[in-house]
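Peer 1: What follows is the file entry06.cif, containing mmCIF, C-alpha atoms:
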```
data_final
loop_
_atom_site.label_atom_id
_atom_site.label_comp_id
_atom_site.auth_asym_id
_atom_site.auth_seq_id
_atom_site.Cartn_x
_atom_site.Cartn_y
_atom_site.Cartn_z
CA GLU A 1 24.60 -15.04 -19.84
CA ARG A 2 21.52 -13.53 -18.20
CA ALA A 3 21.68 -9.98 -16.88
CA THR A 4 21.19 -9.39 -13.17
CA VAL A 5 18.50 -6.83 -12.43
CA LEU A 6 17.73 -4.96 -9.24
CA LEU A 7 13.97 -4.65 -8.64
CA ARG A 8 12.57 -1.94 -6.39
CA TYR A 9 9.02 -2.23 -5.00
CA GLN A 10 6.89 0.06 -2.87
CA GLY A 11 3.64 -1.21 -1.38
CA GLY A 12 3.80 -4.31 -3.59
CA THR A 13 4.09 -2.25 -6.80
CA LEU A 14 7.20 -2.49 -8.97
CA LYS A 15 8.72 1.00 -9.17
CA SER A 16 11.93 0.34 -11.10
CA ALA A 17 14.15 -2.34 -12.63
CA GLU A 18 17.82 -1.47 -13.03
CA SER A 19 20.82 -3.38 -14.34
CA LEU A 20 23.07 -4.52 -11.49
CA GLN A 21 26.84 -4.89 -11.74
CA VAL A 22 27.87 -8.11 -9.96
CA GLU A 23 31.45 -8.67 -8.83
CA GLY A 24 32.07 -12.26 -7.81
CA ASP A 25 29.13 -13.24 -5.62
CA SER A 26 28.19 -9.76 -4.43
CA ALA A 27 27.01 -6.38 -5.65
CA ARG A 28 27.01 -2.92 -4.09
CA VAL A 29 23.90 -0.78 -4.43
CA ALA A 30 23.59 2.95 -3.73
CA TRP A 31 20.16 4.53 -3.81
CA THR A 32 19.15 8.05 -2.81
CA PRO A 33 15.36 8.46 -2.64
CA GLY A 34 14.07 11.59 -4.33
CA PRO A 35 12.21 14.25 -2.34
CA SER A 36 8.89 13.05 -3.77
CA GLU A 37 9.45 9.41 -2.80
CA PRO A 38 7.14 8.28 0.04
CA LEU A 39 8.49 7.40 3.46
CA GLY A 40 8.14 3.91 4.84
CA SER A 41 8.90 0.43 3.63
CA TRP A 42 10.51 -0.29 0.26
CA GLU A 43 11.35 -3.78 -0.94
CA PHE A 44 14.40 -4.78 -3.00
CA ALA A 45 14.92 -8.02 -4.90
CA VAL A 46 17.33 -9.39 -7.51
CA SER A 47 16.27 -11.19 -10.69
CA ASP A 48 17.99 -12.87 -13.62
CA GLY A 49 14.91 -12.48 -15.78
CA THR A 50 13.58 -15.94 -14.92
CA THR A 51 13.65 -16.22 -11.16
CA GLU A 52 13.46 -13.58 -8.44
CA SER A 53 15.10 -13.54 -5.01
CA ALA A 54 13.32 -12.99 -1.73
CA GLN A 55 12.64 -9.34 -1.00
CA VAL A 56 14.68 -7.31 1.48
CA LYS A 57 12.98 -4.38 3.20
CA VAL A 58 14.57 -0.95 3.44
CA TRP A 59 12.89 1.79 5.46
CA VAL A 60 13.03 5.32 4.06
CA ASP A 61 12.92 8.19 6.54
CA ASP A 62 13.49 11.95 6.49
CA LEU A 63 15.12 12.06 9.93
CA PRO A 64 18.79 11.58 10.86
CA GLN A 65 19.41 7.93 11.73
CA GLN A 66 21.47 6.92 14.79
CA GLU A 67 22.35 3.48 16.15
CA ILE A 68 22.65 3.14 19.93
CA PRO A 69 23.41 -0.19 21.66
CA ALA A 70 21.08 -1.43 24.38
CA ARG A 71 22.52 -2.36 27.76
CA ALA A 72 21.59 -4.14 30.94
CA ALA A 73 18.86 -2.52 33.03
CA SER A 74 21.21 -2.56 36.00
CA ASP A 75 23.71 -0.37 34.12
CA ARG A 76 22.76 3.12 35.34
CA GLN A 77 25.57 5.10 33.77
CA THR A 78 24.76 8.38 32.04
CA PRO A 79 22.48 7.47 29.13
CA THR A 80 23.23 8.48 25.56
CA THR A 81 22.16 12.03 24.72
CA VAL A 82 20.26 12.49 21.44
CA LEU A 83 19.39 15.66 19.56
CA PRO A 84 15.86 15.65 18.14
CA PRO A 85 14.47 15.22 15.61
CA VAL A 86 16.11 11.81 15.19
CA SER A 87 15.39 8.13 14.62
CA VAL A 88 17.31 5.83 16.94
CA TRP A 89 17.88 2.15 16.12
CA SER A 90 18.71 -0.45 18.76
CA THR A 91 18.45 -4.18 19.47
CA LEU A 92 17.55 -5.72 22.84
CA GLU A 93 19.78 -8.71 22.19
CA LYS A 94 19.70 -10.18 25.71
CA PRO A 95 16.90 -10.58 28.25
CA GLY A 96 16.78 -7.61 30.60
CA GLN A 97 18.43 -5.15 28.25
CA GLU A 98 16.96 -1.67 27.78
CA LEU A 99 17.43 1.29 25.49
CA GLU A 100 17.92 4.40 27.61
CA LEU A 101 18.35 7.91 26.21
CA GLN A 102 18.29 11.43 27.47
CA VAL A 103 17.01 14.46 25.60
CA GLU A 104 16.85 18.13 26.48
CA LEU A 105 13.43 19.69 25.91
CA ARG A 106 11.94 23.15 26.33
CA GLN A 107 8.71 23.86 28.16
CA GLY A 108 5.75 23.73 25.79
CA GLN A 109 7.33 21.54 23.13
CA ARG A 110 4.84 19.01 21.72
CA VAL A 111 6.98 15.90 21.55
CA VAL A 112 6.17 12.69 19.70
CA LEU A 113 7.98 9.45 20.57
CA ASP A 114 7.04 6.75 18.09
CA VAL A 115 8.44 3.21 18.42
CA ALA A 116 8.42 0.91 15.41
CA ALA A 117 9.18 -2.73 16.13
CA GLN A 118 6.41 -5.16 15.29
CA ARG A 119 5.58 -2.92 12.31
CA LEU A 120 9.10 -3.71 11.07
CA GLY A 121 8.72 -7.44 11.65
CA ALA A 122 10.54 -7.46 14.99
CA ALA A 123 9.70 -9.55 18.03
CA GLY A 124 8.79 -8.32 21.49
CA ASP A 125 6.14 -6.57 23.54
CA LEU A 126 7.77 -3.21 24.25
CA GLU A 127 7.00 -0.47 26.72
CA MET A 128 8.33 3.08 26.87
CA ILE A 129 8.66 5.41 29.85
CA VAL A 130 9.59 9.10 29.96
CA THR A 131 10.84 10.58 33.25
CA ASP A 132 11.88 14.10 34.21
CA SER A 133 15.09 15.22 35.92
CA THR A 134 13.71 14.16 39.33
CA GLY A 135 12.86 10.65 38.14
CA ARG A 136 9.11 11.32 38.09
CA THR A 137 7.24 9.54 35.29
CA VAL A 138 5.65 12.09 32.95
CA ALA A 139 4.44 9.68 30.24
CA ARG A 140 4.38 5.98 29.48
CA SER A 141 2.99 3.62 26.85
CA ASP A 142 3.04 -0.15 26.51
CA ASN A 143 0.73 -0.53 23.52
CA LEU A 144 -1.75 1.25 21.29
CA GLY A 145 -4.89 -0.86 21.08
CA ALA A 146 -4.01 -3.98 19.13
CA ASP A 147 -0.70 -2.39 18.07
CA LEU A 148 2.08 -3.38 20.46
CA ASP A 149 4.43 -0.58 19.34
CA PRO A 150 4.43 2.16 22.02
CA LEU A 151 3.51 5.73 21.13
CA ILE A 152 3.81 8.78 23.40
CA ARG A 153 2.71 12.33 22.66
CA PHE A 154 3.19 14.84 25.44
CA LEU A 155 3.67 18.53 26.18
CA ALA A 156 6.99 19.13 27.92
CA PRO A 157 6.01 20.61 31.30
CA ALA A 158 9.33 22.36 31.93
CA ASP A 159 12.79 23.09 30.53
CA ALA A 160 14.64 19.94 31.56
CA VAL A 161 16.65 16.92 30.53
CA TYR A 162 14.25 13.99 30.18
CA ARG A 163 15.09 10.29 30.15
CA VAL A 164 13.46 7.88 27.72
CA ARG A 165 13.55 4.15 28.46
CA VAL A 166 12.37 1.39 26.11
CA ARG A 167 12.27 -2.16 27.44
CA GLU A 168 10.72 -5.53 26.69
CA GLY A 169 7.63 -6.05 28.83
CA THR A 170 8.18 -9.79 29.23
CA HIS A 171 11.97 -9.43 29.73
CA GLY A 172 12.69 -11.15 26.43
CA GLY A 173 15.65 -10.44 24.22
CA SER A 174 17.21 -11.68 20.99
CA ALA A 175 18.58 -10.47 17.67
CA SER A 176 14.94 -10.25 16.54
CA HIS A 177 14.10 -7.70 19.27
CA PHE A 178 15.14 -4.66 17.23
CA LEU A 179 13.38 -1.30 17.20
CA ARG A 180 13.37 2.21 15.82
CA LEU A 181 12.44 5.13 18.07
CA SER A 182 11.61 8.38 16.25
CA LEU A 183 11.37 11.41 18.52
CA GLY A 184 11.05 15.15 18.29
CA GLU A 185 8.44 17.75 17.40
CA LEU A 186 7.22 15.46 14.64
CA PRO A 187 4.09 16.14 12.55
CA PHE A 188 1.84 13.26 13.59
CA VAL A 189 -1.72 12.53 12.44
CA SER A 190 -3.95 10.64 14.89
CA GLY A 191 -7.33 11.23 13.21
CA ILE A 192 -9.38 13.25 10.73
CA PHE A 193 -12.79 14.93 10.75
CA PRO A 194 -15.21 14.48 9.12
CA LEU A 195 -14.83 10.89 7.99
CA THR A 196 -17.56 11.23 5.34
CA VAL A 197 -17.83 13.87 2.60
CA SER A 198 -20.27 14.45 -0.24
CA THR A 199 -19.54 14.35 -3.96
CA ARG A 200 -21.89 17.35 -4.31
CA THR A 201 -19.60 19.94 -2.75
CA ALA A 202 -16.06 20.75 -1.66
CA THR A 203 -15.55 19.88 2.02
CA PRO A 204 -12.86 21.06 4.46
CA VAL A 205 -11.27 18.13 6.30
CA THR A 206 -9.24 18.62 9.47
CA ARG A 207 -6.26 16.46 10.32
CA ILE A 208 -6.04 15.93 14.09
CA GLY A 209 -2.71 15.40 15.81
CA GLU A 210 0.52 17.10 16.78
CA ASN A 211 2.71 19.75 15.11
CA LEU A 212 0.66 19.81 11.90
CA GLY A 213 0.67 23.55 11.24
CA ASP A 214 -0.94 24.47 7.93
CA ALA A 215 -1.15 20.77 7.02
CA SER A 216 -3.99 20.35 9.53
CA ARG A 217 -6.63 21.54 7.06
CA VAL A 218 -7.27 20.36 3.51
CA VAL A 219 -10.19 20.64 1.12
CA VAL A 220 -11.50 17.63 -0.81
CA ASN A 221 -13.88 17.76 -3.75
CA PRO A 222 -14.52 14.16 -4.82
CA SER A 223 -16.01 13.47 -8.24
CA GLU A 224 -17.26 9.97 -7.42
CA ALA A 225 -18.23 7.88 -4.41
CA GLY A 226 -15.73 5.67 -2.63
CA GLU A 227 -12.68 5.88 -0.39
CA LEU A 228 -10.53 8.92 -1.01
CA SER A 229 -6.96 9.63 0.10
CA LEU A 230 -6.31 13.13 1.38
CA PRO A 231 -4.17 15.48 -0.75
CA GLU A 232 -0.44 15.24 -0.09
CA ALA A 233 0.85 17.68 2.52
CA SER A 234 3.74 20.03 1.78
CA ARG A 235 5.87 17.99 4.20
CA ALA A 236 5.92 14.37 5.25
CA LEU A 237 3.38 13.55 7.95
CA ARG A 238 3.65 10.58 10.28
CA ALA A 239 0.77 8.32 11.23
CA ARG A 240 0.07 4.75 12.31
CA ARG A 241 -2.30 4.26 9.36
CA GLU A 242 -3.34 5.94 6.14
CA TRP A 243 -6.30 8.20 6.87
CA LYS A 244 -8.99 8.31 4.17
CA VAL A 245 -12.45 9.83 3.86
CA LEU A 246 -15.50 8.10 2.44
CA ALA A 247 -17.15 10.03 -0.39
CA VAL A 248 -20.91 9.52 -0.73
CA GLU A 249 -23.39 10.74 -3.34
CA THR A 250 -25.87 12.05 -0.75
CA PRO A 251 -25.45 15.30 1.19
CA ALA A 252 -23.15 14.93 4.20
CA PRO A 253 -24.06 17.72 6.66
CA LEU A 254 -22.13 18.14 9.91
CA GLU A 255 -23.83 18.13 13.30
CA VAL A 256 -24.61 21.58 14.63
CA GLU A 257 -24.64 22.27 18.38
CA PRO A 258 -26.66 22.79 20.51
CA ASN A 259 -29.14 20.03 19.70
CA HIS A 260 -29.95 18.60 23.14
CA ASP A 261 -33.61 19.69 22.92
CA PRO A 262 -36.25 18.82 20.28
CA LYS A 263 -36.79 22.53 19.73
CA LEU A 264 -33.14 22.80 18.67
CA ALA A 265 -33.21 19.80 16.35
CA GLN A 266 -31.14 20.26 13.23
CA GLU A 267 -32.95 19.98 9.90
CA ILE A 268 -31.25 17.73 7.37
CA PRO A 269 -32.23 16.64 3.87
CA VAL A 270 -33.33 13.06 3.21
CA PRO A 271 -31.47 11.02 2.21
CA SER A 272 -28.22 12.23 3.74
CA THR A 273 -25.20 10.97 5.69
CA VAL A 274 -24.47 12.81 8.93
#
```
Represent the supplied structure as structure tokens.

Peer 2:
Amino acid sequence: ERATVLLRYQGGTLKSAESLQVEGDSARVAWTPGPSEPLGSWEFAVSDGTTESAQVKVWVDDLPQQEIPARAASDRQTPTTVLPPVSVWSTLEKPGQELELQVELRQGQRVVLDVAAQRLGAAGDLEMIVTDSTGRTVARSDNLGADLDPLIRFLAPADAVYRVRVREGTHGGSASHFLRLSLGELPFVSGIFPLTVSTRTATPVTRIGENLGDASRVVVNPSEAGELSLPEASRALRARREWKVLAVETPAPLEVEPNHDPKLAQEIPVPSTV
């Protein structure tokens, strides 16, 4: 009799293969990711040593997870209150349903509201709206370039209870219209500078975004040319993509202002990458 093995992948790479105890036609699996395990998508599959099942995705997060049912847009009862930081899961199962939450914020909080839907394989073209206690819209997002998952970053203008509404822009709805909304003062990276560094010297690189603290600045000292991932931060950072720098063998000086006049032109070595 062949043994049943549980396979665990991350980013397409096999991370572990463990013996699985099967009872009848089912098996129960408990897995607690270690503190060094990366956030995001992990894939699980079962194998008997010859054939392998289809993979099932599991999303690892470092926030509390909460499931809140969606409801009809016409249902204006008091929305569910959430305590950030948190990740909220919901499904817009029927056309016209919305996810509506309320959250208490303090003036000056830099709040990130990050919806994941199409990134998780869900259907739908979602939009998100944040309103204050008077019903005034303070922020909204229906897409991010080619990415149809809404993202809002805003500075709370006052101590207040804010409402957050997520809805399907085309009024669709089905079991495939599921979503995760992560919100709070989350460390979020939206860019880096500079994008190019030299292999000839150590270069400070600044992460740009929200709530980054001491993780906003790192130093890279590449030994060879090519794409280079930034050093791991002391805490998990969120982003819509992995930010990398390009290491080149030539000098990579930064622009110096002012340079709007020929007399103020910056001297650079040749060849170089600016």

Peer 1: Write out as a ChimeraX atom specification each polymer residue whose atoms come within 10 Å of Ser182 of chain A, counting all atoms listed in the file; drop sequence neighbours fewer than 4 positions from it.

Peer 2: /A:61,63-65,84-89,112-116,151,186

Peer 1: Just checking: using all atoms listed in the file, which residue out of A:Gln109, A:Thr131, A:Arg240, A:Thr91 ends up closest to Gly40 of chain A?

Peer 2: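 The shortest atom-to-atom distance to Gly40 of chain A comes from A:Arg240.
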
Peer 1: Could you give me, as a CSV table (one decimal) with C-alpha atoms, in the frame of the given file, the residues that have an atom at most 6 Å away from the point (13.2, -6.1, -3.6) in the coordinates of the file, using all atoms listed in the file?

Peer 2:
```csv
chain,number,residue,atom,x,y,z
A,7,LEU,CA,14.0,-4.6,-8.6
A,8,ARG,CA,12.6,-1.9,-6.4
A,9,TYR,CA,9.0,-2.2,-5.0
A,43,GLU,CA,11.4,-3.8,-0.9
A,44,PHE,CA,14.4,-4.8,-3.0
A,45,ALA,CA,14.9,-8.0,-4.9
A,55,GLN,CA,12.6,-9.3,-1.0
A,56,VAL,CA,14.7,-7.3,1.5
```

Peer 1: I would like the residues chosen by the PyMOL selection byres ((chain A and resi 249-256) around 12) on the shown file; could you give them as a ChimeraX atom specification?

Peer 2: /A:193-205,221-226,245-248,257-260,264-274

Peer 1: From the set A:Asp25, A:Glu210, A:Glu93, A:Glu98, which residue has the shortest atom-to-atom contact distance to Phe178 of chain A, counting only C-alpha atoms?

Peer 2: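 Counting only C-alpha atoms, the residue closest to Phe178 of chain A is A:Glu93.
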
Peer 1: Enumerate, as a PDB file with C-alpha atoms, keeping the file's coordinate frame, the residues matched when the PyMOL selection byres ((chain A and resi 110) around 10) is run on the file above.

Peer 2:
```pdb
ATOM      1  CA  LEU A 105      13.430  19.690  25.910  1.00  0.00           C
ATOM      2  CA  ARG A 106      11.940  23.150  26.330  1.00  0.00           C
ATOM      3  CA  GLN A 107       8.710  23.860  28.160  1.00  0.00           C
ATOM      4  CA  GLY A 108       5.750  23.730  25.790  1.00  0.00           C
ATOM      5  CA  GLN A 109       7.330  21.540  23.130  1.00  0.00           C
ATOM      6  CA  VAL A 111       6.980  15.900  21.550  1.00  0.00           C
ATOM      7  CA  VAL A 112       6.170  12.690  19.700  1.00  0.00           C
ATOM      8  CA  ARG A 153       2.710  12.330  22.660  1.00  0.00           C
ATOM      9  CA  PHE A 154       3.190  14.840  25.440  1.00  0.00           C
ATOM     10  CA  LEU A 155       3.670  18.530  26.180  1.00  0.00           C
ATOM     11  CA  ALA A 156       6.990  19.130  27.920  1.00  0.00           C
ATOM     12  CA  PRO A 157       6.010  20.610  31.300  1.00  0.00           C
ATOM     13  CA  GLY A 184      11.050  15.150  18.290  1.00  0.00           C
ATOM     14  CA  GLU A 185       8.440  17.750  17.400  1.00  0.00           C
ATOM     15  CA  LEU A 186       7.220  15.460  14.640  1.00  0.00           C
ATOM     16  CA  PRO A 187       4.090  16.140  12.550  1.00  0.00           C
ATOM     17  CA  GLU A 210       0.520  17.100  16.780  1.00  0.00           C
ATOM     18  CA  ASN A 211       2.710  19.750  15.110  1.00  0.00           C
TER      19      ASN A 211
END
```

Peer 1: Tell me which residues the PyMOL selection byres ((chain A and resi 215) around 10) grabs here, as a short mmCIF file (atom, residue, chain, number, x, y, z; two decimals) with C-alpha atoms, in the coordinates of the input.

Peer 2:
```
data_model
loop_
_atom_site.label_atom_id
_atom_site.label_comp_id
_atom_site.auth_asym_id
_atom_site.auth_seq_id
_atom_site.Cartn_x
_atom_site.Cartn_y
_atom_site.Cartn_z
CA PRO A 187 4.09 16.14 12.55
CA VAL A 189 -1.72 12.53 12.44
CA THR A 206 -9.24 18.62 9.47
CA ARG A 207 -6.26 16.46 10.32
CA ILE A 208 -6.04 15.93 14.09
CA ASN A 211 2.71 19.75 15.11
CA LEU A 212 0.66 19.81 11.90
CA GLY A 213 0.67 23.55 11.24
CA ASP A 214 -0.94 24.47 7.93
CA SER A 216 -3.99 20.35 9.53
CA ARG A 217 -6.63 21.54 7.06
CA VAL A 218 -7.27 20.36 3.51
CA PRO A 231 -4.17 15.48 -0.75
CA GLU A 232 -0.44 15.24 -0.09
CA ALA A 233 0.85 17.68 2.52
CA SER A 234 3.74 20.03 1.78
CA ARG A 235 5.87 17.99 4.20
CA ALA A 236 5.92 14.37 5.25
CA LEU A 237 3.38 13.55 7.95
#
```

Peer 1: Under the rule that only C-alpha atoms are counted, which of A:Leu120, A:Leu20, A:Leu126, A:Val164 is the nearest residue to Trp59 of chain A?

Peer 2: A:Leu120

Peer 1: Provide the atom CA of Thr32 of chain A to atom CA of Ser90 of chain A distance in Å, to one decimal place.

Peer 2: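 Atom CA of Thr32 of chain A sits 23.2 Å away from atom CA of Ser90 of chain A.
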
Peer 1: Could you give me, as JSON, numbers by chain, the residues within 12 Å of Glu23 of chain A, counting only C-alpha atoms and dropping anything in the same chain fewer than 5 positions from it?

Peer 2: {"A": [4, 28, 29]}

Peer 1: Emit the selected residues as a PDB file, in the frame of the given file, including C-alpha atoms.

Peer 2:
```pdb
ATOM      1  CA  THR A   4      21.190  -9.390 -13.170  1.00  0.00           C
ATOM      2  CA  ARG A  28      27.010  -2.920  -4.090  1.00  0.00           C
ATOM      3  CA  VAL A  29      23.900  -0.780  -4.430  1.00  0.00           C
TER       4      VAL A  29
END
```

Peer 1: Rounded to one decimal place, report the atom CA of Ala158 of chain A-atom CA of Gly135 of chain A distance in Å.

Peer 2: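 That distance, rounded to one decimal, is 13.7 Å.
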
Peer 1: Enumerate, as a PyMOL selection string, the protein, DNA and RNA residues whose atoms approach (6.8, 0.3, 26.6) to within 9 Å, taking into account only C-alpha atoms and the coordinate frame of the file.

Peer 2: chain A and resi 115+125-129+140-143+148-151+165-169

Peer 1: Using only C-alpha atoms, pick whichever of A:Gly124, A:Arg238, A:Val138, A:Leu6 has the shortest atom-to-atom distance to Ser53 of chain A.

Peer 2: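 When distances to Ser53 of chain A are compared using only C-alpha atoms, the smallest one comes from A:Leu6.
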
Peer 1: Could you check how far atom CA of Leu83 of chain A sits from atom CA of Phe188 of chain A, in Å to one decimal?

Peer 2: 18.7 Å

Peer 1: Considering all atoms listed in the file, can you say which of A:Gln102, A:Gln97, A:Gln66, A:Ser229 comes closest to Thr80 of chain A?

Peer 2: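 Ranking A:Gln102, A:Gln97, A:Gln66, A:Ser229 by distance to Thr80 of chain A, first place goes to A:Gln102.
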